[in-house]
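What follows is a set of notes on a single structure, which appears directly below.
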Amino acid sequence: MSVHDLENTFQRKIDEEVKIEPKDWMPEAYRKTNLRQISQHAHSEIVGMLPEGNWISRAPSLKRKAILLAKVQDEAGHGLYLYCAAETLGMSREQMIDDLHSGKAKYSSIFNYPTLTWADMGAIGWLVDGAAILNQVMLCRTSYGPYARAMVRICKEESFHQRQGFESLLVLSKGTPEQKAMCQDAINRWWWPSLMMFGPKDSESTNSDQSMKWKIKRKTNDELRQQFVDMCVEQVKLLGMTLPDPHLKWNEARGHYDFGEIDWNEFWNVVKGNGPCNKQRLDARRKAHEEGRWVREAAAAHAEKQKIKAAKDNLAAA
Amino acid sequence: MSVHDLENTFQRKIDEEVKIEPKDWMPEAYRKTNLRQISQHAHSEIVGMLPEGNWISRAPSLKRKAILLAKVQDEAGHGLYLYCAAETLGMSREQMIDDLHSGKAKYSSIFNYPTLTWADMGAIGWLVDGAAILNQVMLCRTSYGPYARAMVRICKEESFHQRQGFESLLVLSKGTPEQKAMCQDAINRWWWPSLMMFGPKDSESTNSDQSMKWKIKRKTNDELRQQFVDMCVEQVKLLGMTLPDPHLKWNEARGHYDFGEIDWNEFWNVVKGNGPCNKQRLDARRKAHEEGRWVREAAAAHAEKQKIKAAKDNLAAA
Amino acid sequence: MTNSLINYTLHLADTTLILSQRNSEWCGHGPILEQDIAITNISLDLLGQARNFYQYAAALKNDGSTEDSLAYLRTEREFKNLLLVEQQNGDWGQTILRQYFFSQYQLLLFQQLQQHSDEQLAAIATKAIKETTYHVRWSSEWVIRLGDGTDESHNRMLHAIDELWRYCGELFEAADYETAMGIDLTSIKQTWTEKVTAVFDEAKLPVPQNVFMQSGGKKGVHTEQLGYILTELQYLQRTYPGAKW
Amino acid sequence: MTNSLINYTLHLADTTLILSQRNSEWCGHGPILEQDIAITNISLDLLGQARNFYQYAAALKNDGSTEDSLAYLRTEREFKNLLLVEQQNGDWGQTILRQYFFSQYQLLLFQQLQQHSDEQLAAIATKAIKETTYHVRWSSEWVIRLGDGTDESHNRMLHAIDELWRYCGELFEAADYETAMGIDLTSIKQTWTEKVTAVFDEAKLPVPQNVFMQSGGKKGVHTEQLGYILTELQYLQRTYPGAKW
């Protein structure tokens with residue numbers, strides 16, 4: 001078959017919602033884009049364990065501690081599914097991790113913000129997981145099979161996390177004056193970074209067209225962001241709190257909420273590596289990797305010894 | 001002069017309360033005993049910084065934090081005076097520290113107990129410094145000049161520490177029920193180890209006779225221990241607290257308080273290295289020394305560079 | 001009897017809580033992603049056990065205590081956890097060795113508690129047997145993997161043994177409340193020693209002899225570690241008394 | 001005006017307290033006995049300054065606040081210390097570099113405050129000039145000693161610069177209350193840069209260019225470090241509310 005035929009077959013599968021699987025022919029650009037996106041999604045899950053892990057030891061009740069531990073454990077599991085899905089596209093986990101640590105591969109910028117109070121846990125669950133879910137629901141229908149299937153598993157758990165985050169804020173919102181203030185303060189600090197999670201404006205987004213055509217991406221940045229705003233404006237009322245945007249206003253004509261302009265300077269700065277915690281997050285991951293080297297080497301050495309022993313035992317038995 | 005004459009001259013100085021100085025002839029055993037005692041005293045000051053340093057970050061008021069910081073700093077200074085005094089007897093500080101870290105040289109066993117509550121700070125000031133002072137007042141009249149002079153400087157500061165420790169307990173004793181309980185609990189844990197600071201019973205003390213003859217030691221273990229008990233029984237009344245010894249009783253005939261039997265098993269165990277914190281104390285000192293190696297090396301390298309540069313400048317100026 | 005039951009239950013609760021707390025420090029910092037998940041899983045299991053024990057203790061005290069008031073509002077001298085579990089994590093070898101020493105003991109203890117006359121303790125123990133069996137398997141496999149891995153891992157395990165062995169004696173030193181509860185630590189010690197010896201043998205690690213054992217945790221006399229654990233654990237409840245979370 | 005004065009005084013108090021707290025972690029663990037004494041001395045000096053500032057802030061607030069209620073009963077978002085001083089100690093090089101960056105700035109600031117119309121701030125600054133001058137000398141000598149010592153010490157200083165430089169910008173970014181107080185940070189920045197450049201030059205260390213600066217501390221938006229510092233610092237007052245010590 002000619003390349004042209006292969007491309008046609010490939011595009012027809014996509015148009016007909018037939019999943020692309022690891023053994024299928026795919027354009028190199030499709031493989032690369034998926035690999036980048038899936039591995040960076042995996043990195044995000046792993047790095048995302050850090051701002052939340054920061055509050056495990058200080059969780060204010062045993063129940064909250066258990067919920068948080070379970071959430072962070074789920075995120076590690078998500079990272080695992082995603083690394084496995086990405087590996088089907090031809091890169092080893094070791095290489096992906098090296099790319100993360102060298103700065104070559106990115107992860108979601110939202111995790112470059114510090115968690116400063118307990119209420120940040122609820123805000124992250126409500127807003128950050130909320131934004132992630134919008135992206136992810138879309139990804140459950142992404143064209144690459146392993147990615148779509150990983151996303152289906154992940155989405156189930158993320159919805160649960162988001163509800164628990166919101167519930168945690170609800171409790172604060174009905175609590176003491178200090179707790180209410182803590183809740184509002186966390187929302188104030190996490191709102192705009194959450195909006196930034198949807199990426200640049202469509203007009204400035206480079207990857208979009210091809211990604212839409214190949215159904216790697218199924219809705220635009222602005223579409224998802226608008227959906228998120230509309231949802232949160234309603235939800236924040238249940239908390240009796242406000243979103244830190246004086247320009248939020250229902251627009252009857254559009255049927256959506258108008259909202260203020262994102263600080264794109266801040267967005268690009270954080271993406272570039274200048275956020276409050278970029279250095280700390282990567283330092284932590286590199287440190288874990290470096291300090292874990294002897295453990296991985298020992299495990300490999302032991303496994304090798306077991307193989308040799310088993311081979312010997314086979315010979316002896318023969 | 002014959003050795004016999006030298007020994008006579010030496011002993012006569014001692015009998016006439018004339019200090020022995022670094023350049024004086026002295027019996028090798030005298031030199032060794034003083035070196036051992038002074039260096040171990042220095043080690044005690046340094047190791048003693050650790051149980052108290054453990055509560056600096058958690059001191060419950062800014063005033064108490066300042067007092068504790070100053071106390072620990074004084075102890076470091078005492079260590080410095082004593083290392084300098086010991087060095088006059090022919091061993092380098094580096095060697096003394098190596099002996100400490102290898103376990104060859106000892107330090108006061110009292111510091112092998114953990115500080116578990118804030119009240120331990122007061123108990124250490126009152127009891128441990130109190131016991132140390134009795135030893136030290138005696139040492140201000142010790143025969144070796146540099147040691148005696150170091151001790152005079154040290155005694156001034158230690159009395160101040162002891163009063164502050166007692167005052168800190170006094171405040172607790174007039175405080176909330178929890179504070180009163182904390183105070184009594186700390187006294188209960190530190191009383192017997194403080195009595196052990198005076199060493200084995202006279203009848204089982206090996207070094208004593210010669211040390212008394214050479215006026216390195218001016219009172220026996222039991223004499224000092226009795227003095228300490230008598231003093232503390234009166235002082236504890238001011239706190240409205242009790243000492244954890246059901247056998248404490250005024251003995252009219254002796255003119256002293258009778259007290260219970262020390263647990264000599266515990267005493268010897270801790271001396272042997274099996275106390276609650278022996279390992280932690282030495283680990284901490286070794287770690288500080290090891291991790292500080294690059295700093296000392298850099299300081300030496302820099303000093304060398306400065307010397308070379310100065311020599312060059314001199315040549316150039318000539 | 002009830003006092004002993006309460007104290008014993010608190011000992012079980014404090015021990016599992018503090019070990020859970022220590023293990024959870026690894027979250028996001030583990031040497032391999034799969035092991036990050038595993039240690040967090042164990043942390044969760046232990047926390048679940050702790051909550052069961054605290055809830056039972058609170059019910060027994062019947063004075064308004066809750067699982068949270070017991071975990072968050074008691075001070076160091078009231079905690080009855082084993083000294084072993086409050087020790088620092090050290091490296092991965094020290095962490096999995098601590099886990100193995102503890103879980104091997106805990107499995108034997110839970111097997112005994114399953115038969116205890118106190119139905120609630122028996123029920124909690126029964127519920128925890130399956131996960132504890134996994135903890136023993138997971139940690140013993142790591143002891144072997146690291147003891148008989150590379151020279152470096154072997155040396156690190158020797159260091160870990162040197163750090164932790166001295167806290168293993170306390171596992172088998174009965175506190176008054178354990179005696180009152182009829183816990184037979186002697187038989188547990190015997191089996192534990194056999195099991196540990198077998199694992200150490202396979203791991204090519206030496207079983208220490210004649211090491212002086214530290215104790216005091218069961219009676220509230222801790223090492224200098226516990227105080228710091230509590231400043232983090234309890235901070236929010238101390239700072240916002242009476243608040244609900 | 002008074003609000004700005006109070007906030008500014010709290011900023012000065014928080015900054016010196018947190019740096020004192022960080023430095024005091026070295027007590028008993030320093031690389032050389034003489035330096036253990038020196039860093040503890042600096043810690044004491046800073047604590048003394050903090051107490052002066054807290055006592056003044058308490059008097060200004062005139063609402064029952066005390067030096068202790070301000071230090072022990074406010075939470076992270078209320079603290080106004082510089083981000084620089086809450087960073088971890090790292091190794092000795094990182095600690096003395098942090099001290100140098102800060103003390104060089106503080107000396108210039110205190111020299112300016114000596115002339116301030118607020119007499120109390122002027123008095124506190126005057127009282128602290130001598131010791132701050134010593135802090136600058138002590139720490140700059142260490143920067144030179146380690147920058148131009150061995151290859152290892154030089155590399156460690158490069159690492160320390162990489163860790164800390166990003167927090168130096170905040171020193172010169174005026175918070176509203178600093179502007180209201182008429183503090184001229186521009187001239188301080190210029191002199192600070194000249195002095196630091198000269199010291200780095202002698203230390204054979206490169207002055208970083210074009211590093212994005214972190215900030216937020218002056219406004220209560222901290223790094224993830226401060227929360228942990230406060231759990232230890234405040235624990236006893238939180239646990240025993242209203243008690244006297």
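If you're wondering about the labels, chains in the structure tokens are A, B, ... by order shown, residues count from 1 in each chain, ligands from 1 in order shown.
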
I need the alpha helix (DSSP H) residues of region 33-191 of chain C per DSSP on the backbone, written as a ChimeraX atom specification. /C:33-61,67-72,83-86,92-113,119-147,151-164,176-180,185-191

What residues in chain A lie within 8 Å of chain C, counting only C-alpha atoms, written as a ChimeraX atom specification?
/A:46-47,49-50,53,56-62,64,66,69-70,72-73,76-77,80,168,171-172,175-176,284-285,287-289,291-303

Keeping only N, CA and C atoms, write those residues as a tab-separated table (two decimals), in the first residue's frame.
```tsv
chain	number	residue	atom	x	y	z
A	46	ILE	N	2.02	12.66	38.15
A	46	ILE	CA	3.09	12.41	39.12
A	46	ILE	C	3.50	13.69	39.84
A	47	VAL	N	3.75	14.74	39.07
A	47	VAL	CA	4.13	16.01	39.70
A	47	VAL	C	2.98	16.53	40.56
A	49	MET	N	1.17	15.01	42.45
A	49	MET	CA	1.14	14.40	43.78
A	49	MET	C	1.83	15.30	44.80
A	50	LEU	N	2.71	16.16	44.34
A	50	LEU	CA	3.53	16.93	45.27
A	50	LEU	C	2.78	18.05	45.99
A	53	GLY	N	0.46	16.19	48.25
A	53	GLY	CA	1.20	15.40	49.23
A	53	GLY	C	1.73	16.29	50.34
A	56	ILE	N	-0.55	16.01	53.50
A	56	ILE	CA	-0.94	14.73	54.11
A	56	ILE	C	-0.62	14.71	55.60
A	57	SER	N	0.60	15.13	55.94
A	57	SER	CA	1.00	15.03	57.34
A	57	SER	C	0.20	15.97	58.23
A	58	ARG	N	-0.35	17.03	57.65
A	58	ARG	CA	-1.07	18.03	58.43
A	58	ARG	C	-2.58	18.00	58.23
A	59	ALA	N	-3.09	16.99	57.55
A	59	ALA	CA	-4.54	16.90	57.32
A	59	ALA	C	-5.27	17.01	58.67
A	60	PRO	N	-6.32	17.81	58.74
A	60	PRO	CA	-6.90	18.17	60.04
A	60	PRO	C	-7.86	17.15	60.66
A	61	SER	N	-8.07	16.02	60.02
A	61	SER	CA	-8.83	14.95	60.66
A	61	SER	C	-8.39	13.65	60.01
A	62	LEU	N	-8.60	12.55	60.71
A	62	LEU	CA	-8.17	11.26	60.18
A	62	LEU	C	-8.92	10.94	58.90
A	64	ARG	N	-10.03	13.12	56.67
A	64	ARG	CA	-9.47	13.90	55.57
A	64	ARG	C	-8.10	13.37	55.17
A	66	ALA	N	-7.18	10.28	55.28
A	66	ALA	CA	-7.42	9.08	54.47
A	66	ALA	C	-7.86	9.45	53.06
A	69	LEU	N	-4.79	10.82	51.16
A	69	LEU	CA	-3.86	9.74	50.83
A	69	LEU	C	-4.40	8.93	49.64
A	70	ALA	N	-5.69	8.64	49.69
A	70	ALA	CA	-6.29	7.84	48.61
A	70	ALA	C	-6.27	8.60	47.30
A	72	VAL	N	-4.10	10.97	46.35
A	72	VAL	CA	-2.75	11.03	45.82
A	72	VAL	C	-2.31	9.67	45.29
A	73	GLN	N	-2.74	8.61	45.95
A	73	GLN	CA	-2.43	7.28	45.48
A	73	GLN	C	-3.09	7.02	44.11
A	76	ALA	N	-1.08	8.62	41.44
A	76	ALA	CA	0.09	7.82	41.08
A	76	ALA	C	-0.34	6.70	40.13
A	77	GLY	N	-1.46	6.11	40.44
A	77	GLY	CA	-1.99	5.04	39.58
A	77	GLY	C	-2.32	5.55	38.18
A	80	LEU	N	0.70	5.81	36.24
A	80	LEU	CA	1.13	4.49	35.79
A	80	LEU	C	0.38	4.06	34.52
A	168	SER	N	-15.28	19.19	50.84
A	168	SER	CA	-14.34	19.70	51.83
A	168	SER	C	-14.46	21.22	51.96
A	171	VAL	N	-17.75	22.17	53.81
A	171	VAL	CA	-17.61	22.10	55.27
A	171	VAL	C	-16.94	23.38	55.79
A	172	LEU	N	-15.90	23.83	55.11
A	172	LEU	CA	-15.22	25.05	55.55
A	172	LEU	C	-16.17	26.24	55.46
A	175	GLY	N	-18.22	26.70	58.37
A	175	GLY	CA	-17.46	26.58	59.62
A	175	GLY	C	-17.25	27.89	60.34
A	176	THR	N	-16.10	27.96	61.00
A	176	THR	CA	-15.76	29.15	61.77
A	176	THR	C	-15.39	30.29	60.81
A	284	ALA	N	12.33	18.03	43.37
A	284	ALA	CA	11.80	16.90	44.15
A	284	ALA	C	11.77	15.63	43.31
A	285	ARG	N	11.34	15.74	42.07
A	285	ARG	CA	11.28	14.55	41.21
A	285	ARG	C	12.67	14.02	40.89
A	287	LYS	N	15.32	14.43	42.67
A	287	LYS	CA	15.89	13.89	43.91
A	287	LYS	C	15.35	12.47	44.16
A	288	ALA	N	14.04	12.31	44.00
A	288	ALA	CA	13.45	10.99	44.23
A	288	ALA	C	14.07	9.98	43.27
A	289	HIS	N	14.26	10.41	42.04
A	289	HIS	CA	14.81	9.52	41.03
A	289	HIS	C	16.26	9.15	41.35
A	291	GLU	N	17.90	9.43	44.26
A	291	GLU	CA	18.05	8.69	45.51
A	291	GLU	C	17.46	7.29	45.43
A	292	GLY	N	16.64	7.08	44.41
A	292	GLY	CA	16.05	5.76	44.23
A	292	GLY	C	16.86	4.87	43.32
A	293	ARG	N	17.92	5.42	42.77
A	293	ARG	CA	18.72	4.67	41.81
A	293	ARG	C	19.25	3.37	42.40
A	294	TRP	N	19.80	3.45	43.60
A	294	TRP	CA	20.38	2.24	44.20
A	294	TRP	C	19.31	1.18	44.44
A	295	VAL	N	18.07	1.63	44.67
A	295	VAL	CA	16.99	0.69	44.90
A	295	VAL	C	16.65	-0.04	43.61
A	296	ARG	N	16.55	0.71	42.53
A	296	ARG	CA	16.21	0.09	41.25
A	296	ARG	C	17.33	-0.84	40.81
A	297	GLU	N	18.57	-0.41	41.04
A	297	GLU	CA	19.71	-1.25	40.65
A	297	GLU	C	19.72	-2.54	41.46
A	298	ALA	N	19.41	-2.42	42.74
A	298	ALA	CA	19.40	-3.62	43.58
A	298	ALA	C	18.28	-4.56	43.15
A	299	ALA	N	17.14	-4.01	42.82
A	299	ALA	CA	16.02	-4.85	42.39
A	299	ALA	C	16.40	-5.60	41.11
A	300	ALA	N	17.04	-4.89	40.21
A	300	ALA	CA	17.45	-5.52	38.95
A	300	ALA	C	18.51	-6.59	39.22
A	301	ALA	N	19.45	-6.28	40.09
A	301	ALA	CA	20.50	-7.24	40.40
A	301	ALA	C	19.91	-8.49	41.03
A	302	HIS	N	18.97	-8.29	41.92
A	302	HIS	CA	18.36	-9.44	42.58
A	302	HIS	C	17.58	-10.28	41.59
A	303	ALA	N	16.86	-9.60	40.71
A	303	ALA	CA	16.07	-10.33	39.70
A	303	ALA	C	16.99	-11.16	38.82
```

Can you tell me which residues surround region 186-203 of chain C at a distance of at most 8 Å, considering only C-alpha atoms, apart from same-chain residues fewer than 2 positions away, and format the answer as an MDAnalysis selection string? chainID C and resid 101 104:105 108:109 140 143:148 172 184 205:207

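All residues of protein, DNA or RNA that reach within 10 Å of Leu35 (chain A), judged by only C-alpha atoms and not counting those fewer than 2 positions away in the chain, are Ala29, Tyr30, Arg31, Lys32, Thr33, Gln37, Ile38, Ser39, Gln40, His41, Tyr83, Ala85, Ala86, Glu87, Thr88, Leu89, Gly90, Met91, Met96 and Tyr147 of chain A.
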
Quick one: pull the distance between CA of Tyr100 (chain C) and CA of His135 (chain C), Å, one decimal.
->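 Pair CA of Tyr100 (chain C) / CA of His135 (chain C) returns 7.5 Å.
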
Legend entry - Spatial neighbours of Glu52 (chain B), 8 Å, only C-alpha atoms, chain gap at least 6 places, as a VMD selection string: chain B and resid 68 72 115 121
